file input04.txt (compact mmCIF, C-alpha atoms)
# COMPACT_ATOMS: atom_id res chain seq x y z
CA MET I 604 -11.82 30.86 19.65
CA GLY I 605 -9.98 34.09 20.22
CA ARG I 606 -11.37 35.68 17.03
CA PRO I 607 -13.38 38.85 17.14
CA ILE I 608 -17.06 38.18 16.54
CA ALA I 609 -17.15 40.77 13.77
CA SER I 610 -14.67 38.84 11.63
CA ARG I 611 -16.78 35.70 11.95
CA LYS I 612 -19.81 37.58 10.66
CA THR I 613 -17.76 38.72 7.69
CA GLU I 614 -16.70 35.14 7.05
CA VAL I 615 -20.28 33.96 6.98
CA ARG I 616 -21.13 36.62 4.41
CA LEU I 617 -18.13 35.73 2.24
CA GLY I 618 -18.72 32.05 2.86
CA ARG I 619 -21.00 31.15 -0.02
CA GLU I 620 -18.83 32.71 -2.69
CA VAL I 621 -15.70 31.14 -1.24
CA GLN I 622 -17.43 27.74 -0.98
CA ALA I 623 -18.44 27.86 -4.63
CA ARG I 624 -14.84 28.64 -5.58
CA ILE I 625 -13.55 25.78 -3.44
CA GLY I 626 -15.88 23.32 -5.18
CA GLN I 627 -14.88 24.56 -8.62
CA GLN I 628 -11.15 24.49 -7.91
CA LEU I 629 -11.31 21.06 -6.33
CA ARG I 630 -13.09 19.61 -9.36
CA ALA I 631 -10.89 21.51 -11.84
CA MET I 632 -7.75 20.17 -10.17
CA TYR I 633 -9.15 16.63 -10.11
CA ASP I 634 -10.58 16.61 -13.63
CA GLU I 635 -7.32 17.84 -15.09
CA VAL I 636 -5.79 14.52 -14.04
CA VAL I 637 -8.84 12.43 -15.00
CA LYS I 638 -8.67 13.86 -18.53
CA GLU I 639 -5.18 12.41 -18.96
CA GLY I 640 -6.77 8.95 -19.09
CA VAL I 641 -4.73 5.80 -18.54
CA PRO I 642 -0.97 6.44 -18.84
CA PRO I 643 0.78 3.90 -21.15
CA HIS I 644 2.95 2.48 -18.37
CA ILE I 645 -0.16 1.72 -16.28
CA ALA I 646 -1.92 0.05 -19.21
CA GLU I 647 1.25 -1.98 -19.74
CA LEU I 648 1.37 -2.95 -16.06
CA VAL I 649 -2.20 -4.24 -16.16
CA ARG I 650 -1.49 -6.12 -19.38
CA ARG I 651 1.59 -7.80 -17.90
CA LEU I 652 -0.14 -8.70 -14.63
CA ASN I 653 -2.95 -10.19 -16.65
CA GLU I 654 -0.61 -12.47 -18.58
CA GLN I 655 1.42 -13.51 -15.58
CA ASP I 656 1.11 -17.09 -14.40
CA ASP I 657 0.36 -17.33 -10.75
CA GLY I 658 1.64 -20.85 -10.29
CA MET V 202 -3.90 -14.60 -13.28
CA LYS V 203 -6.20 -14.32 -16.28
CA LEU V 204 -8.71 -11.59 -15.63
CA ASP V 205 -12.24 -11.63 -16.83
CA PRO V 206 -12.07 -9.01 -19.62
CA ALA V 207 -15.06 -7.22 -18.12
CA ILE V 208 -13.28 -6.95 -14.77
CA ARG V 209 -10.08 -5.78 -16.45
CA ASP V 210 -12.04 -3.08 -18.29
CA GLN V 211 -13.62 -1.94 -15.04
CA VAL V 212 -10.18 -1.68 -13.45
CA LEU V 213 -8.79 0.31 -16.39
CA ALA V 214 -11.85 2.56 -16.46
CA THR V 215 -11.21 3.45 -12.81
CA VAL V 216 -7.52 4.29 -13.31
CA PRO V 217 -7.95 7.96 -14.38
CA SER V 218 -10.02 8.81 -11.31
CA LEU V 219 -7.80 6.69 -9.08
CA ARG V 220 -4.77 8.74 -10.24
CA ALA V 221 -6.59 11.99 -9.60
CA PHE V 222 -7.46 10.77 -6.10
CA ALA V 223 -3.84 9.74 -5.46
CA ILE V 224 -2.46 13.09 -6.65
CA SER V 225 -5.02 15.06 -4.64
CA LEU V 226 -4.24 13.01 -1.53
CA SER V 227 -0.48 13.06 -1.74
CA GLY V 228 0.09 16.34 -3.59
CA ASN V 229 2.95 14.64 -5.39
CA ALA V 230 2.79 13.13 -8.87
CA ASP V 231 5.61 10.62 -8.35
CA ARG V 232 4.22 9.30 -5.10
CA ALA V 233 0.76 9.18 -6.63
CA ASP V 234 2.10 7.05 -9.47
CA ASP V 235 3.67 4.63 -6.97
CA LEU V 236 0.40 4.49 -5.05
CA VAL V 237 -1.61 3.69 -8.18
CA GLN V 238 0.80 0.97 -9.27
CA GLU V 239 0.91 -0.59 -5.80
CA THR V 240 -2.89 -0.46 -5.65
CA LEU V 241 -3.21 -2.26 -8.97
CA LEU V 242 -0.65 -4.90 -7.94
CA ARG V 243 -2.59 -5.63 -4.76
CA ALA V 244 -5.98 -5.46 -6.40
CA LEU V 245 -5.09 -7.86 -9.19
CA ALA V 246 -3.35 -10.23 -6.76
CA HIS V 247 -6.56 -10.34 -4.73
CA ILE V 248 -9.07 -10.01 -7.53
CA ASP V 249 -10.91 -13.08 -6.20
CA SER V 250 -12.02 -11.06 -3.20
CA PHE V 251 -13.81 -8.61 -5.48
CA GLU V 252 -17.44 -9.53 -5.90
CA PRO V 253 -18.51 -9.00 -9.51
CA GLY V 254 -21.38 -6.59 -9.74
CA THR V 255 -20.28 -4.55 -6.73
CA ASN V 256 -18.64 -1.14 -6.84
CA MET V 257 -15.22 -1.47 -8.54
CA PRO V 258 -14.21 2.18 -8.04
CA ALA V 259 -15.03 1.99 -4.32
CA TRP V 260 -13.04 -1.24 -4.00
CA LEU V 261 -9.93 0.21 -5.69
CA PHE V 262 -10.21 3.54 -3.86
CA THR V 263 -10.36 1.65 -0.54
CA ILE V 264 -7.11 -0.17 -1.33
CA LEU V 265 -5.36 3.04 -2.41
CA ARG V 266 -6.65 4.98 0.57
CA ASN V 267 -5.39 2.34 3.01
CA LEU V 268 -1.99 2.22 1.31
CA PHE V 269 -1.74 5.99 1.51
CA ARG V 270 -2.72 6.06 5.16
CA SER V 271 -0.20 3.44 6.20
CA GLU V 272 2.50 5.22 4.18
CA TYR V 273 1.49 8.57 5.58
CA ARG V 274 2.24 7.38 9.08
CA LYS V 275 5.67 6.23 7.95
CA ARG V 276 6.50 9.19 5.77
CA ARG V 277 5.01 12.13 7.61
CA ARG V 278 8.30 13.97 7.15
CA GLU V 279 8.05 13.84 3.37
CA VAL V 280 4.52 15.17 3.46
CA GLU V 281 5.82 18.19 5.31
CA ASP V 282 8.52 18.61 2.67
CA ALA V 283 5.83 18.61 0.01
CA GLU V 284 4.08 21.47 1.79
CA GLY V 285 7.36 23.36 1.77
CA ARG V 286 7.67 22.88 -1.98
CA TYR V 287 4.21 24.35 -2.52
CA ALA V 288 5.25 27.40 -0.57
CA GLU V 289 8.36 27.73 -2.77
CA MET V 290 6.27 27.31 -5.91
CA LEU V 291 4.01 30.14 -4.76
CA LYS V 292 6.96 32.44 -4.31
CA SER V 293 8.65 31.55 -7.58
CA ASN V 294 5.68 31.88 -9.95
CA PRO V 295 3.97 35.13 -9.05
CA GLU V 296 3.69 36.15 -12.70
CA GLN V 297 1.29 33.30 -13.54
CA PRO V 298 -1.96 34.12 -11.77
CA GLY V 299 -3.80 30.94 -12.80
CA ARG V 300 -1.02 28.73 -11.60
CA VAL V 301 -0.60 30.60 -8.41
CA GLU V 302 -4.27 30.23 -7.68
CA PHE V 303 -4.04 26.51 -8.32
CA ALA V 304 -0.87 26.15 -6.27
CA GLU V 305 -2.46 28.14 -3.50
CA PHE V 306 -5.41 25.78 -3.53
CA ARG V 307 -3.17 22.71 -3.42
CA ALA V 308 -1.17 24.21 -0.58
CA ALA V 309 -4.36 24.84 1.38
CA LEU V 310 -5.55 21.30 0.66
CA ALA V 311 -2.22 19.95 1.91
CA LYS V 312 -2.75 21.74 5.21
CA LEU V 313 -5.95 19.82 5.98
CA PRO V 314 -5.75 16.82 8.29
CA PRO V 315 -5.70 13.68 6.09
CA ASP V 316 -9.10 12.45 7.24
CA GLN V 317 -10.73 15.74 6.22
CA ARG V 318 -8.81 15.93 2.95
CA GLU V 319 -9.77 12.44 1.81
CA ALA V 320 -13.43 12.95 2.76
CA LEU V 321 -13.63 16.23 0.84
CA ILE V 322 -12.00 14.77 -2.29
CA LEU V 323 -14.12 11.61 -2.31
CA VAL V 324 -17.38 13.52 -1.98
CA GLY V 325 -16.53 16.83 -3.65
CA ALA V 326 -14.40 15.66 -6.57
CA SER V 327 -14.62 11.87 -7.07
CA GLY V 328 -18.41 12.07 -6.82
CA PHE V 329 -18.90 9.26 -4.32
CA SER V 330 -22.01 9.25 -2.16
CA TYR V 331 -21.53 9.87 1.56
CA GLU V 332 -22.29 6.17 2.05
CA ASP V 333 -19.58 5.01 -0.38
CA ALA V 334 -17.09 7.50 1.06
CA ALA V 335 -17.84 6.17 4.54
CA SER V 336 -17.24 2.61 3.41
CA ILE V 337 -13.96 3.60 1.67
CA CYS V 338 -12.72 5.34 4.82
CA GLY V 339 -14.10 2.70 7.20
CA CYS V 340 -16.15 5.12 9.26
CA ALA V 341 -19.75 6.20 9.85
CA VAL V 342 -21.69 8.30 7.33
CA GLY V 343 -22.12 11.04 9.94
CA THR V 344 -18.36 11.14 10.43
CA ILE V 345 -17.82 11.70 6.70
CA LYS V 346 -20.38 14.49 6.65
CA SER V 347 -18.77 16.29 9.53
CA ARG V 348 -15.27 15.83 8.04
CA VAL V 349 -16.43 17.28 4.72
CA ASN V 350 -17.99 20.24 6.50
CA ARG V 351 -14.90 20.89 8.57
CA ALA V 352 -12.70 20.57 5.47
CA ARG V 353 -14.80 23.16 3.60
CA THR V 354 -14.78 25.56 6.51
CA ARG V 355 -11.05 25.21 7.00
CA LEU V 356 -10.30 25.67 3.29
CA ALA V 357 -12.53 28.73 3.15
CA ASP V 358 -10.62 30.08 6.09
CA LEU V 359 -7.23 29.39 4.50
CA LEU V 360 -8.20 30.73 1.07
CA SER V 361 -10.29 33.73 2.07
CA ILE V 362 -7.39 35.30 3.91
CA ASP V 363 -5.85 36.27 0.59
CA SER V 364 -9.04 36.67 -1.43
CA VAL V 365 -10.83 39.02 0.93
CA ASP V 366 -9.65 42.04 -1.07
CA ASP V 367 -11.49 40.64 -4.11
CA PHE V 368 -14.69 41.57 -2.35
CA GLY V 369 -14.07 45.28 -2.69
CA PRO V 370 -17.44 46.72 -1.66
CA ASP V 371 -17.31 44.83 1.59
CA ARG V 372 -14.09 46.39 2.77
CA ALA V 373 -15.72 49.43 4.32
CA THR V 374 -18.30 47.22 5.98
CA ARG V 375 -15.58 44.98 7.28
CA ALA V 376 -13.72 47.92 8.73
CA VAL V 377 -16.87 49.01 10.51
CA LEU V 378 -17.55 45.50 11.74
CA ALA V 379 -13.98 45.00 12.83
CA GLY V 380 -14.04 48.21 14.85
CA GLY V 381 -17.59 47.71 16.03
CA GLY V 382 -16.89 45.12 18.69
CA ARG V 383 -15.85 47.67 21.26
CA SER V 384 -18.10 50.31 22.79

call {"tool": "encode", "arguments": {"input": "input04.txt", "output": "structure tokens"}}
result
Amino acid sequence: MGRPIASRKTEVRLGREVQARIGQQLRAMYDEVVKEGVPPHIAELVRRLNEQDDG
Amino acid sequence: MKLDPAIRDQVLATVPSLRAFAISLSGNADRADDLVQETLLRALAHIDSFEPGTNMPAWLFTILRNLFRSEYRKRRREVEDAEGRYAEMLKSNPEQPGRVEFAEFRAALAKLPPDQREALILVGASGFSYEDAASICGCAVGTIKSRVNRARTRLADLLSIDSVDDFGPDRATRAVLAGGGRS
């Protein structure tokens, strides 16, 4: 809405390259955190919850 | 609450991805950490409602997603502050191109409506099927598909504004196109 038609055509042409970059960046950002594994304080939390008595 | 070791291992194996989801959703490492811990507290308190053999990641992601959404409604103000910090980060680190690119991406992601952001992350980064993503978000598969599409279009829009000059050869064409609408 309100955009010149010509700029939309340009966007379509640029679209595929931009989309590929979006996918890569999204996964790169995500995987950077995944690679850190389980932080010690989280492992400790699970261990403590596991030993807790729920009586 | 003694967990079945197999169940405990499944929970721990999901933690890295759960953290990545939390950070991508909230854009804030401290809040993400709180979200993950709260998710694990709730999950382990209600571990009996998990059916062994079903999808552990989807179960944990559902809990975290619902926590985030109920918090988001309460803490909308803080989310806006987080966006402001991204903008500051962009301004203060212009000499680190890689970081700027990453920060720019996070800032764009933060501008998406939460339903589009979560759909895009679940499908595009966490690797869930559209069906699993729909069940995590409590909506129809078609809704997830359209949210993912809108998220991609919106991100492309936000990011291409600054990257358009990278497509050098197209500049002349763009100028022609831009001027070509009239007459």

call {"tool": "closest_residue", "arguments": {"input": "input04.txt", "among": "I:Glu635, I:Ala623, I:Arg651, I:Gly640", "to": "chain V", "atoms": "all atoms listed in the file"}}
result
I:Gly640

call {"tool": "interface_residues", "arguments": {"input": "input04.txt", "of": "chain V", "to": "chain I", "cutoff": "8 Å", "atoms": "all atoms listed in the file", "output": "NGL selection string"}}
result
:V and (202-204 or 213 or 216-218 or 220-222 or 225 or 238 or 241-242 or 245 or 303 or 306 or 322 or 325-327 or 353 or 356-358 or 360-361 or 375 or 378-379 or 381-382)

call {"tool": "write_last_selection", "arguments": {"input": "input04.txt", "atoms": "C-alpha atoms", "output": "PDB file, in the frame of the given file"}}
result
ATOM      1  CA  MET V 202      -3.900 -14.600 -13.280  1.00  0.00           C
ATOM      2  CA  LYS V 203      -6.200 -14.320 -16.280  1.00  0.00           C
ATOM      3  CA  LEU V 204      -8.710 -11.590 -15.630  1.00  0.00           C
ATOM      4  CA  LEU V 213      -8.790   0.310 -16.390  1.00  0.00           C
ATOM      5  CA  VAL V 216      -7.520   4.290 -13.310  1.00  0.00           C
ATOM      6  CA  PRO V 217      -7.950   7.960 -14.380  1.00  0.00           C
ATOM      7  CA  SER V 218     -10.020   8.810 -11.310  1.00  0.00           C
ATOM      8  CA  ARG V 220      -4.770   8.740 -10.240  1.00  0.00           C
ATOM      9  CA  ALA V 221      -6.590  11.990  -9.600  1.00  0.00           C
ATOM     10  CA  PHE V 222      -7.460  10.770  -6.100  1.00  0.00           C
ATOM     11  CA  SER V 225      -5.020  15.060  -4.640  1.00  0.00           C
ATOM     12  CA  GLN V 238       0.800   0.970  -9.270  1.00  0.00           C
ATOM     13  CA  LEU V 241      -3.210  -2.260  -8.970  1.00  0.00           C
ATOM     14  CA  LEU V 242      -0.650  -4.900  -7.940  1.00  0.00           C
ATOM     15  CA  LEU V 245      -5.090  -7.860  -9.190  1.00  0.00           C
ATOM     16  CA  PHE V 303      -4.040  26.510  -8.320  1.00  0.00           C
ATOM     17  CA  PHE V 306      -5.410  25.780  -3.530  1.00  0.00           C
ATOM     18  CA  ILE V 322     -12.000  14.770  -2.290  1.00  0.00           C
ATOM     19  CA  GLY V 325     -16.530  16.830  -3.650  1.00  0.00           C
ATOM     20  CA  ALA V 326     -14.400  15.660  -6.570  1.00  0.00           C
ATOM     21  CA  SER V 327     -14.620  11.870  -7.070  1.00  0.00           C
ATOM     22  CA  ARG V 353     -14.800  23.160   3.600  1.00  0.00           C
ATOM     23  CA  LEU V 356     -10.300  25.670   3.290  1.00  0.00           C
ATOM     24  CA  ALA V 357     -12.530  28.730   3.150  1.00  0.00           C
ATOM     25  CA  ASP V 358     -10.620  30.080   6.090  1.00  0.00           C
ATOM     26  CA  LEU V 360      -8.200  30.730   1.070  1.00  0.00           C
ATOM     27  CA  SER V 361     -10.290  33.730   2.070  1.00  0.00           C
ATOM     28  CA  ARG V 375     -15.580  44.980   7.280  1.00  0.00           C
ATOM     29  CA  LEU V 378     -17.550  45.500  11.740  1.00  0.00           C
ATOM     30  CA  ALA V 379     -13.980  45.000  12.830  1.00  0.00           C
ATOM     31  CA  GLY V 381     -17.590  47.710  16.030  1.00  0.00           C
ATOM     32  CA  GLY V 382     -16.890  45.120  18.690  1.00  0.00           C
TER      33      GLY V 382
END

call {"tool": "atom_distance", "arguments": {"input": "input04.txt", "atom1": "atom CA of Thr344 of chain V", "atom2": "atom CA of Leu268 of chain V"}}
result
20.8 Å

call {"tool": "atom_distance", "arguments": {"input": "input04.txt", "atom1": "atom CA of Ala309 of chain V", "atom2": "atom CA of Thr354 of chain V"}}
result
11.6 Å

call {"tool": "residues_around", "arguments": {"input": "input04.txt", "residues": "Ser330 of chain V", "least_positions_apart": "3", "cutoff": "12 Å", "atoms": "only C-alpha atoms", "output": "PyMOL selection string"}}
result
chain V and resi 256+259+320-327+333-337+342+345-346+349

call {"tool": "atom_distance", "arguments": {"input": "input04.txt", "atom1": "atom CA of Pro643 of chain I", "atom2": "atom CA of Asp234 of chain V"}}
result
12.2 Å
